[in-house]
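Report on one structure; see the data block that follows.
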Amino acid sequence: MVNFKKAILSFFSIVTIFYCQNKPTEMRSKTAEEILGNSKYLAISYGGYRHQDHSIEPTVEELKEDMKLLSAMGIKILRTYKVHLPHASNVLKAISELKKENPNFEMYVMLGAWIDCKNAWTDEEPIHNIESEANKPQMEKAVALANQYPDIVKVIAVGNEAMVKWAESYYVEPYIILKWVNYLQDLKKEGKLPKNLWVTSSDNFASWGGGGEEYHVEDLNKLIKAVDFLSVHTYPMHDTHYQPDFWLNPQGMEGKTDMEKIEISMLRAKEYAMMQYQNVKKYMQSLGVSKPIHIGETGWASMSSGFYGAEGSKACDEYKEALYYKHMRDWTNQTGMSCFYFEGFDEPWKGGDNTGNSEKHFGLFTVDGKAKYALWDMVDQGVFKGLIRNGNAITKTYNGDKTALMKDVLVPITAQEVSENQ
């Protein structure tokens, strides 16, 4: 009897040891320093809204669908805003639930707080050197979420294109961003935020000193010294209309086929983005500062009925979007930068009622889960097998017919051709 009891105890001891050694363990949460600039942790800008009515919030289950799709692509860092709405907290909840369901699931977040000037988005005149009263609760919510999900939130971004002067309806002067960056850095020192949480502002390259001298003010210099890294936006696509010299340049186009002209144009777009990055880096270094720079936003719409379409710069289609996506990933991975590519999914609430507005078409996926041309290879490889969006399995746009897709691809026009047509 004694031997039998010993045998039973021995059996359970072995089972217990085996279980303890082999049970699933949650993956160690990594720091911002470990993941930013790491090519194994690709980044993306994310908004999960699926309807033209922006008041319809994506459910946690819908957000989990998206997280699984992005994870399958190799995305492990998201940049998202809207802490004042359920969206941001629900994204964090969705990731937290997925981590509990699968201990190997990894997804981190750069959490953004929107910053406005006084009278922004009203009929009154914006006052750019006084901030909106709505900023404080935005920052407080971002802090609360960072403390609630310290294993997920690795960066807080103060503002989104909040200093760039063409944002006439809401921009603020740099000292307002500096105030909130210092507030967060002080909370870290006081132990009221995780000490390895990184703080930045996500803004246009010009706002970081890469533009005109009107941006080169002492408060910006102090801000560059206060942040943990610079989150820089660059949009060559928009500048095919607003600053088109690089796009319309006829040099090297003589005798080229249409496809060669498209390839040359998209390489120029890449080089244009690289130039804006370099301008920021030069300004930062002129201050005696050496900090990481990451691309907080860049993207290329797959459709436009306006400035970037057939009647405009002829920039937007799925083929050019795919080329730009590849160029940005190749460049930033090789350079050791993160690129929060804009964006994962089309968001139909953006850009007003015009269905052809480019703002609605920056996604790598359509709303209904069709993978655009940039992701067709992944569909072929079975990367999205078993995953869905809006109840649909992931398939290719154009039913996978590249010939049909290429019929919508426009050849960029040169300055010489513009003058000849006038």
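In the structure tokens, chains take letters A, B, ... by order of appearance, with residues numbered from 1 within each chain and ligands from 1 in the order shown.
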
Who sits within 10 Å of stretch 199-205 of chain A, only C-alpha atoms, same chain under 5 positions skipped, as an NGL selection string: :A and (32 or 79 or 110-113 or 154-165 or 177-178 or 180-182 or 184-185 or 188 or 210-211 or 223-224 or 226-235 or 273 or 276-281 or 294-298)

Who sits within 9 Å of A:Phe342, only C-alpha atoms, same chain under 4 positions skipped, as a ChimeraX atom specification: /A:44-46,296-300,362-364

Surrounding residues of A:Asp401 excluding itself and chain neighbours under 6 positions, 12 Å, only C-alpha atoms, as a PyMOL selection string: chain A and resi 372-373+376+395+407-408

Alpha helix (DSSP H) call set, DSSP backbone run, stretch 23-223 of chain A, as a PyMOL selection string: chain A and resi 32-35+60-72+86-101+135-148+174-189+218-223

Contacts of stretch 39-42 of chain A within 8 Å, only C-alpha atoms, excl. fewer than 5 positions in-chain, as a list in words: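 My reading of the contact set: Gly74, Ile75, Lys76, Ile77, Asn333, Gly336, Met337, Ser338, Cys339 and Phe340 of chain A.
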
Among listed residues A:Phe246, A:Tyr49, A:Tyr108, A:Trp198, nearest A:Ile264 (using only C-alpha atoms):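 Going through A:Phe246, A:Tyr49, A:Tyr108, A:Trp198 one by one, the smallest distance to A:Ile264 is for A:Phe246.
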
Residue contacts of A:Val217 (12 Å, only C-alpha atoms) excluding same-chain residues fewer than 6 positions away, as an NGL selection string: :A and (163 or 173-175 or 207-209 or 223-224 or 283 or 287)

Prev. selection, C-alpha atoms, output as an mmCIF file, in the first residue's frame:
```cif
data_model
loop_
_atom_site.group_PDB
_atom_site.id
_atom_site.type_symbol
_atom_site.label_atom_id
_atom_site.label_comp_id
_atom_site.auth_asym_id
_atom_site.auth_seq_id
_atom_site.Cartn_x
_atom_site.Cartn_y
_atom_site.Cartn_z
ATOM 1 C CA MET A 163 2.833 71.824 -35.350
ATOM 2 C CA GLU A 173 3.184 76.372 -31.454
ATOM 3 C CA PRO A 174 5.982 73.974 -30.453
ATOM 4 C CA TYR A 175 6.059 75.072 -26.808
ATOM 5 C CA SER A 207 7.867 70.698 -38.233
ATOM 6 C CA TRP A 208 10.990 68.808 -37.123
ATOM 7 C CA GLY A 209 13.250 71.390 -38.739
ATOM 8 C CA LEU A 223 11.514 69.714 -28.016
ATOM 9 C CA ILE A 224 14.064 67.785 -30.073
ATOM 10 C CA TYR A 283 18.816 69.978 -38.528
ATOM 11 C CA LEU A 287 21.849 71.236 -32.585
#
```
